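Take a look at the structure below.
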Amino acid sequence: MKENSRLLLEKAQRAIKAAQTLLAAGDLPDFATGRAYYAMFYIAEALLEEKELRFSKHGGVHGAFGEHYVKTGLFDPKFHRWLLNAFDQRIEGDYGTEIISVAEDAEKLIAQAEEFLEAAQRYLENSLP
């Protein structure tokens, strides 16, 4: 595994912990969903880093993950759907004026981020020299 990929996965783990902390703090599910999204984003970036693919925009990462990992059958399409859904929820939480995220939404995204991280770690440990 490339060093930068490893660092991105560690950052994803920290983002998951931050999301859990924000959720546990009470009335902060919109901020927790943002951290859960970023965990998934870092995971996708780590996977793309292994193919020496880097992007300056979130949409580039989203599309490239779908193209290089989902369409090729390396990852279940659910991870791509989760990433895109988490992005939408993060945008709403960061820029919307109403709190629409609830604790259950944040819990679900955090669980999805954890599952995505586990899948990425497994893939990188088992498929690379």
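Each chain in the structure tokens gets a letter, A, B and so on, in the order shown; residues start at 1 in every chain, and ligands are counted from 1 in the order they appear.
Residues in contact range of A:Arg90, defined as at most 9 Å between only C-alpha atoms, with sequence neighbours fewer than 5 positions away removed, read Asp30, Phe31, Ala32, Thr33, Gly34, Arg35, Ala36, Tyr37, Tyr38, Asn85 and Tyr95 of chain A.
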At a cut-off of 8 Å, using only C-alpha atoms, what residues contact A:Gln121? Leave out same-chain residues fewer than 4 positions from it and give the result as a ChimeraX atom specification. /A:9,117,125
Would you pick out the contacts of stretch 64-77 of chain A at 9 Å or less, using only C-alpha atoms, so that residues sharing its chain but fewer than 4 positions from it are not included, and give the list as an MDAnalysis selection string? chainID A and resid 44:45 47:48 51 53 55 59:60 81:82 119:120 123
Could you turn the residues from that selection into a file that holds N, CA, C and O atoms, as a compact mmCIF listing (two decimals), in the first residue's frame?
```
# COMPACT_ATOMS: atom_id res chain seq x y z
N ALA A 44 -12.21 6.73 -0.72
CA ALA A 44 -12.20 6.71 -2.18
C ALA A 44 -10.89 7.30 -2.71
O ALA A 44 -10.28 6.75 -3.65
N GLU A 45 -10.42 8.37 -2.10
CA GLU A 45 -9.14 8.97 -2.51
C GLU A 45 -7.99 7.99 -2.31
O GLU A 45 -7.10 7.90 -3.17
N LEU A 47 -8.07 4.72 -2.37
CA LEU A 47 -8.14 3.69 -3.40
C LEU A 47 -7.64 4.23 -4.75
O LEU A 47 -6.89 3.57 -5.45
N LEU A 48 -8.04 5.44 -5.08
CA LEU A 48 -7.60 6.04 -6.34
C LEU A 48 -6.11 6.34 -6.33
O LEU A 48 -5.44 6.22 -7.36
N LYS A 51 -3.91 3.79 -7.79
CA LYS A 51 -3.85 3.79 -9.26
C LYS A 51 -3.21 5.08 -9.77
O LYS A 51 -3.28 5.40 -10.96
N LEU A 53 -4.19 8.08 -9.29
CA LEU A 53 -5.23 9.00 -9.77
C LEU A 53 -5.54 10.00 -8.66
O LEU A 53 -5.83 9.61 -7.54
N PHE A 55 -7.54 13.94 -7.90
CA PHE A 55 -8.52 14.88 -8.44
C PHE A 55 -8.64 16.08 -7.51
O PHE A 55 -8.49 15.94 -6.30
N GLY A 59 -16.42 15.76 -7.28
CA GLY A 59 -17.05 15.04 -8.39
C GLY A 59 -16.07 14.18 -9.15
O GLY A 59 -16.44 13.10 -9.63
N GLY A 60 -14.83 14.63 -9.27
CA GLY A 60 -13.81 13.84 -9.93
C GLY A 60 -13.52 12.55 -9.17
O GLY A 60 -13.38 11.47 -9.77
N ARG A 81 -22.96 4.39 -4.20
CA ARG A 81 -24.23 5.01 -3.81
C ARG A 81 -24.11 5.69 -2.45
O ARG A 81 -24.60 6.80 -2.25
N TRP A 82 -23.47 4.99 -1.50
CA TRP A 82 -23.30 5.57 -0.17
C TRP A 82 -22.48 6.85 -0.23
O TRP A 82 -22.80 7.83 0.45
N ALA A 119 -13.85 -2.57 3.98
CA ALA A 119 -13.75 -3.15 2.64
C ALA A 119 -12.51 -2.65 1.92
O ALA A 119 -11.81 -3.43 1.25
N ALA A 120 -12.21 -1.37 2.05
CA ALA A 120 -11.03 -0.80 1.40
C ALA A 120 -9.75 -1.38 1.99
O ALA A 120 -8.81 -1.74 1.26
N TYR A 123 -9.37 -4.92 0.74
CA TYR A 123 -8.98 -4.91 -0.67
C TYR A 123 -7.49 -4.56 -0.80
O TYR A 123 -6.75 -5.25 -1.51
```
Distance atom CA of A:Gly63-atom CA of A:Glu92, one decimal place? 20.3 Å
Using Å and a single decimal, report how far atom CA of A:Tyr42 sits from atom CA of A:Ser56.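 The value is 12.8 Å.
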Atom CA of A:Lys2 to atom CA of A:Arg54, straight-line distance in Å: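 So the two atoms, atom CA of A:Arg54 and atom CA of A:Lys2, lie 13.4 Å apart.
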Quick one: of A:Leu28, A:Ala106, A:Leu7, A:Leu84, who's nearest to A:Phe41, counting only C-alpha atoms?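 Closest to A:Phe41, using only C-alpha atoms: A:Leu84.
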Closest to A:Leu23 among A:Gln112, A:Glu118, A:Val102, A:His62, using only C-alpha atoms? A:Val102
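Using only C-alpha atoms, the shortest contact distance between A:Ala15 and any of A:Gln89, A:Ala103, A:Leu109, A:Asn126 is found at A:Leu109.
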Going by DSSP on the backbone, which bits of stretch 3-126 of chain A are helix (DSSP H, G or I)? Write them as a PyMOL selection string, please. chain A and resi 3-24+29-50+58-70+77-95+103-126
Pick from A:Ser5, A:His58, A:Ala46, A:Ala39, whichever lies nearest to A:Ala19 using only C-alpha atoms: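 Nearest to A:Ala19: A:Ala39.
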